[in-house]
Amino acid sequence: MKSIFAIACAAAALCAAALAFGAVMVKLETKDLAGQAEEVVVGKVAAAKAQWDDKKTKIITLTTVQIAETVKGDLKGEVVVRTLGGEVDGLAQLVPGMPQFTKDEEVVLFLKSENKTWHVVGLGQGKYHVLREKDKEPVVVNSLTGLTLGKQDDKGGVTIDKAAPAPINRPLKAFLDEVRALAAKK
């Protein structure tokens, strides 16, 4: 009985450590996001539906975004973005660093396609919320919650930045102008 308790405690400690640490990724600057993205769009979240994947082994969320503007690429109308995690039948699956979406939220998304499915580049690094306040210029902000960022070293590993990642907060127009300029260089 003591060994079962010890195993359970060890498993709980490992899970807590993993959740505290979150996802580890190479930090992506705007030029990296624009370079890796096939499409960059500005839009509004219309709907999100969590469901089991085809194998019923993980929960995925399919988020529909109505496209207002295409900054890079040629997507029009709407795009469905697939993310890991969500809640189905009272069971929640949280994936650290995965972008979260809210209905009617205005977003800027850096997207890439894998197997005809759209994903956000760099997890939460590739999703920006557009914040509009009365009498102020709109800004983009991103949430890096659950992400531990670092730099790629010479051996292909990641050297972790010990400081907490600072969220981006920039004027929307300047941000989109920079992305357009970076996309034109490709």
# chains A, B, ... in the order shown; residues from 1 in each chain; ligands from 1
>>> residues_around(residues="A:Leu182", least_positions_apart="4", cutoff="9 Å", atoms="only C-alpha atoms", output="number ranges by chain")
A: 30-31, 34-35, 177-178, 186
>>> closest_residue(among="A:Gln51, A:Ile67, A:Val88, A:Val42", to="A:Lys173", atoms="only C-alpha atoms")
A:Val42
>>> atom_distance(atom1="atom CA of A:Lys72", atom2="atom CA of A:Pro171")
18.4 Å
>>> residues_around(residues="A:Ser113", least_positions_apart="6", cutoff="9 Å", atoms="only C-alpha atoms", output="ChimeraX atom specification")
/A:37-39,119-120
>>> residues_around(residues="A:Phe175", least_positions_apart="3", cutoff="12 Å", atoms="only C-alpha atoms", output="ChimeraX atom specification")
/A:29-31,34,40,42,71,108,128,130,138-141,168-172,178-182
>>> write_last_selection(atoms="N, CA, C and O atoms", output="mmCIF file, in the first residue's frame")
data_model
loop_
_atom_site.group_PDB
_atom_site.id
_atom_site.type_symbol
_atom_site.label_atom_id
_atom_site.label_comp_id
_atom_site.auth_asym_id
_atom_site.auth_seq_id
_atom_site.Cartn_x
_atom_site.Cartn_y
_atom_site.Cartn_z
ATOM 1 N N GLU A 29 10.526 35.923 -33.165
ATOM 2 C CA GLU A 29 10.321 37.358 -33.382
ATOM 3 C C GLU A 29 9.294 37.509 -34.496
ATOM 4 O O GLU A 29 8.951 36.550 -35.189
ATOM 5 N N THR A 30 8.838 38.717 -34.719
ATOM 6 C CA THR A 30 7.849 38.968 -35.766
ATOM 7 C C THR A 30 8.346 38.474 -37.114
ATOM 8 O O THR A 30 7.599 37.870 -37.889
ATOM 9 N N LYS A 31 9.625 38.683 -37.425
ATOM 10 C CA LYS A 31 10.176 38.232 -38.716
ATOM 11 C C LYS A 31 10.117 36.709 -38.835
ATOM 12 O O LYS A 31 9.875 36.172 -39.913
ATOM 13 N N ALA A 34 6.361 35.772 -39.402
ATOM 14 C CA ALA A 34 5.963 36.102 -40.773
ATOM 15 C C ALA A 34 6.621 35.160 -41.779
ATOM 16 O O ALA A 34 5.998 34.768 -42.768
ATOM 17 N N VAL A 40 -1.274 35.205 -42.970
ATOM 18 C CA VAL A 40 -1.440 36.060 -41.804
ATOM 19 C C VAL A 40 -2.759 36.788 -42.015
ATOM 20 O O VAL A 40 -2.949 37.439 -43.050
ATOM 21 N N VAL A 42 -6.278 38.963 -40.237
ATOM 22 C CA VAL A 42 -6.953 39.697 -39.164
ATOM 23 C C VAL A 42 -8.404 39.263 -39.248
ATOM 24 O O VAL A 42 -8.983 39.220 -40.341
ATOM 25 N N VAL A 71 -3.254 39.710 -44.583
ATOM 26 C CA VAL A 71 -2.016 40.477 -44.577
ATOM 27 C C VAL A 71 -0.947 39.768 -45.402
ATOM 28 O O VAL A 71 -0.144 40.393 -46.087
ATOM 29 N N VAL A 108 -5.167 38.709 -34.718
ATOM 30 C CA VAL A 108 -4.229 38.607 -35.832
ATOM 31 C C VAL A 108 -3.593 37.233 -35.666
ATOM 32 O O VAL A 108 -3.065 36.918 -34.594
ATOM 33 N N TYR A 128 -2.372 37.034 -31.787
ATOM 34 C CA TYR A 128 -2.422 38.348 -31.160
ATOM 35 C C TYR A 128 -3.866 38.789 -31.021
ATOM 36 O O TYR A 128 -4.667 38.641 -31.948
ATOM 37 N N VAL A 130 -6.518 41.833 -30.697
ATOM 38 C CA VAL A 130 -6.619 43.250 -31.036
ATOM 39 C C VAL A 130 -7.442 43.928 -29.954
ATOM 40 O O VAL A 130 -8.590 43.543 -29.705
ATOM 41 N N PRO A 138 -5.880 51.342 -31.858
ATOM 42 C CA PRO A 138 -5.925 49.899 -31.569
ATOM 43 C C PRO A 138 -4.509 49.335 -31.421
ATOM 44 O O PRO A 138 -3.591 49.761 -32.120
ATOM 45 N N VAL A 139 -4.358 48.374 -30.512
ATOM 46 C CA VAL A 139 -3.069 47.725 -30.292
ATOM 47 C C VAL A 139 -3.238 46.217 -30.382
ATOM 48 O O VAL A 139 -4.337 45.697 -30.233
ATOM 49 N N VAL A 140 -2.115 45.539 -30.650
ATOM 50 C CA VAL A 140 -2.111 44.076 -30.596
ATOM 51 C C VAL A 140 -1.353 43.665 -29.349
ATOM 52 O O VAL A 140 -0.335 44.254 -28.998
ATOM 53 N N VAL A 141 -1.881 42.656 -28.670
ATOM 54 C CA VAL A 141 -1.222 42.094 -27.489
ATOM 55 C C VAL A 141 -1.259 40.577 -27.635
ATOM 56 O O VAL A 141 -2.176 40.024 -28.238
ATOM 57 N N ILE A 168 3.810 41.083 -26.043
ATOM 58 C CA ILE A 168 3.945 42.164 -27.012
ATOM 59 C C ILE A 168 2.737 43.076 -26.873
ATOM 60 O O ILE A 168 1.611 42.615 -26.696
ATOM 61 N N ASN A 169 2.940 44.366 -26.959
ATOM 62 C CA ASN A 169 1.866 45.349 -26.927
ATOM 63 C C ASN A 169 2.286 46.454 -27.888
ATOM 64 O O ASN A 169 3.121 47.282 -27.544
ATOM 65 N N ARG A 170 1.722 46.414 -29.125
ATOM 66 C CA ARG A 170 2.130 47.352 -30.170
ATOM 67 C C ARG A 170 0.921 47.920 -30.890
ATOM 68 O O ARG A 170 -0.103 47.247 -30.989
ATOM 69 N N PRO A 171 1.068 49.116 -31.452
ATOM 70 C CA PRO A 171 -0.029 49.652 -32.270
ATOM 71 C C PRO A 171 -0.330 48.707 -33.441
ATOM 72 O O PRO A 171 0.592 48.219 -34.110
ATOM 73 N N LEU A 172 -1.608 48.445 -33.680
ATOM 74 C CA LEU A 172 -2.033 47.514 -34.719
ATOM 75 C C LEU A 172 -1.498 47.908 -36.089
ATOM 76 O O LEU A 172 -0.956 47.071 -36.813
ATOM 77 N N GLU A 178 4.629 46.239 -40.493
ATOM 78 C CA GLU A 178 5.863 45.465 -40.379
ATOM 79 C C GLU A 178 5.685 44.064 -40.983
ATOM 80 O O GLU A 178 6.547 43.576 -41.725
ATOM 81 N N VAL A 179 4.566 43.422 -40.692
ATOM 82 C CA VAL A 179 4.314 42.084 -41.226
ATOM 83 C C VAL A 179 4.219 42.132 -42.747
ATOM 84 O O VAL A 179 4.780 41.266 -43.436
ATOM 85 N N ARG A 180 3.528 43.131 -43.289
ATOM 86 C CA ARG A 180 3.433 43.272 -44.753
ATOM 87 C C ARG A 180 4.820 43.435 -45.380
ATOM 88 O O ARG A 180 5.129 42.801 -46.404
ATOM 89 N N ALA A 181 5.650 44.257 -44.768
ATOM 90 C CA ALA A 181 7.002 44.484 -45.296
ATOM 91 C C ALA A 181 7.825 43.187 -45.245
ATOM 92 O O ALA A 181 8.547 42.865 -46.190
ATOM 93 N N LEU A 182 7.706 42.460 -44.149
ATOM 94 C CA LEU A 182 8.439 41.186 -44.023
ATOM 95 C C LEU A 182 7.928 40.162 -45.039
ATOM 96 O O LEU A 182 8.716 39.438 -45.630
#
>>> select_by_dssp(residues="chain A", states="strand (DSSP E)", output="MDAnalysis selection string")
chainID A and resid 23:26 39:52 59:72 78:84 86:88 91:93 106:114 117:120 127:131 139:141 147:152 158:160 169:171
>>> decode(residues="stretch 64-94 of chain A", atoms="N, CA and C atoms", output="CSV table (one decimal), in the first residue's frame")
chain,number,residue,atom,x,y,z
A,64,THR,N,-13.5,28.8,-35.7
A,64,THR,CA,-13.8,29.4,-37.0
A,64,THR,C,-13.6,30.9,-36.8
A,65,VAL,N,-12.8,31.5,-37.7
A,65,VAL,CA,-12.4,32.9,-37.7
A,65,VAL,C,-12.9,33.5,-39.0
A,66,GLN,N,-13.8,34.6,-38.9
A,66,GLN,CA,-14.2,35.3,-40.0
A,66,GLN,C,-13.1,36.3,-40.4
A,67,ILE,N,-12.6,36.2,-41.6
A,67,ILE,CA,-11.4,37.0,-42.0
A,67,ILE,C,-11.9,38.4,-42.5
A,68,ALA,N,-11.3,39.4,-41.9
A,68,ALA,CA,-11.6,40.8,-42.2
A,68,ALA,C,-10.5,41.3,-43.2
A,69,GLU,N,-9.3,40.8,-43.0
A,69,GLU,CA,-8.2,41.3,-43.8
A,69,GLU,C,-7.1,40.2,-43.9
A,70,THR,N,-6.6,40.0,-45.1
A,70,THR,CA,-5.5,39.1,-45.3
A,70,THR,C,-4.2,39.9,-45.5
A,71,VAL,N,-3.3,39.7,-44.6
A,71,VAL,CA,-2.0,40.5,-44.6
A,71,VAL,C,-0.9,39.8,-45.4
A,72,LYS,N,-0.9,38.5,-45.3
A,72,LYS,CA,0.0,37.6,-46.1
A,72,LYS,C,-0.8,36.4,-46.6
A,73,GLY,N,-0.7,36.1,-47.9
A,73,GLY,CA,-1.4,34.9,-48.4
A,73,GLY,C,-2.6,35.3,-49.2
A,74,ASP,N,-3.5,34.4,-49.3
A,74,ASP,CA,-4.8,34.6,-50.1
A,74,ASP,C,-6.0,34.1,-49.5
A,75,LEU,N,-6.0,33.8,-48.2
A,75,LEU,CA,-7.3,33.3,-47.6
A,75,LEU,C,-8.3,34.4,-47.6
A,76,LYS,N,-9.5,34.0,-47.8
A,76,LYS,CA,-10.7,34.9,-47.8
A,76,LYS,C,-11.8,34.2,-47.1
A,77,GLY,N,-12.8,35.0,-46.6
A,77,GLY,CA,-14.0,34.5,-46.0
A,77,GLY,C,-13.8,34.0,-44.6
A,78,GLU,N,-13.5,32.8,-44.4
A,78,GLU,CA,-13.3,32.3,-43.0
A,78,GLU,C,-12.2,31.2,-43.1
A,79,VAL,N,-11.7,30.9,-41.9
A,79,VAL,CA,-10.7,29.9,-41.7
A,79,VAL,C,-11.0,29.1,-40.5
A,80,VAL,N,-10.8,27.8,-40.5
A,80,VAL,CA,-11.0,27.0,-39.3
A,80,VAL,C,-9.6,26.6,-38.8
A,81,VAL,N,-9.3,27.0,-37.5
A,81,VAL,CA,-8.0,26.8,-36.9
A,81,VAL,C,-8.1,25.6,-35.9
A,82,ARG,N,-7.2,24.7,-36.0
A,82,ARG,CA,-7.2,23.5,-35.1
A,82,ARG,C,-6.2,23.7,-34.0
A,83,THR,N,-6.6,23.6,-32.7
A,83,THR,CA,-5.7,23.7,-31.6
A,83,THR,C,-5.9,22.4,-30.7
A,84,LEU,N,-4.9,22.1,-30.0
A,84,LEU,CA,-5.0,21.0,-29.0
A,84,LEU,C,-5.7,21.5,-27.7
A,85,GLY,N,-6.5,20.6,-27.1
A,85,GLY,CA,-7.1,21.0,-25.8
A,85,GLY,C,-8.5,21.4,-26.0
A,86,GLY,N,-9.2,21.5,-24.9
A,86,GLY,CA,-10.6,22.0,-24.9
A,86,GLY,C,-11.3,21.2,-23.8
A,87,GLU,N,-12.7,21.3,-23.9
A,87,GLU,CA,-13.5,20.5,-23.0
A,87,GLU,C,-14.6,19.8,-23.7
A,88,VAL,N,-14.8,18.5,-23.4
A,88,VAL,CA,-15.8,17.7,-24.0
A,88,VAL,C,-16.4,16.9,-22.9
A,89,ASP,N,-17.8,16.9,-22.8
A,89,ASP,CA,-18.5,16.1,-21.8
A,89,ASP,C,-17.9,16.3,-20.4
A,90,GLY,N,-17.6,17.5,-20.0
A,90,GLY,CA,-17.1,17.7,-18.7
A,90,GLY,C,-15.6,17.4,-18.5
A,91,LEU,N,-15.0,16.8,-19.5
A,91,LEU,CA,-13.5,16.5,-19.4
A,91,LEU,C,-12.7,17.5,-20.1
A,92,ALA,N,-11.8,18.2,-19.4
A,92,ALA,CA,-11.0,19.3,-19.9
A,92,ALA,C,-9.6,18.8,-20.2
A,93,GLN,N,-9.0,19.2,-21.3
A,93,GLN,CA,-7.6,18.9,-21.6
A,93,GLN,C,-6.9,20.2,-21.8
A,94,LEU,N,-5.9,20.6,-21.0
A,94,LEU,CA,-5.2,21.9,-21.2
A,94,LEU,C,-3.8,21.6,-21.7
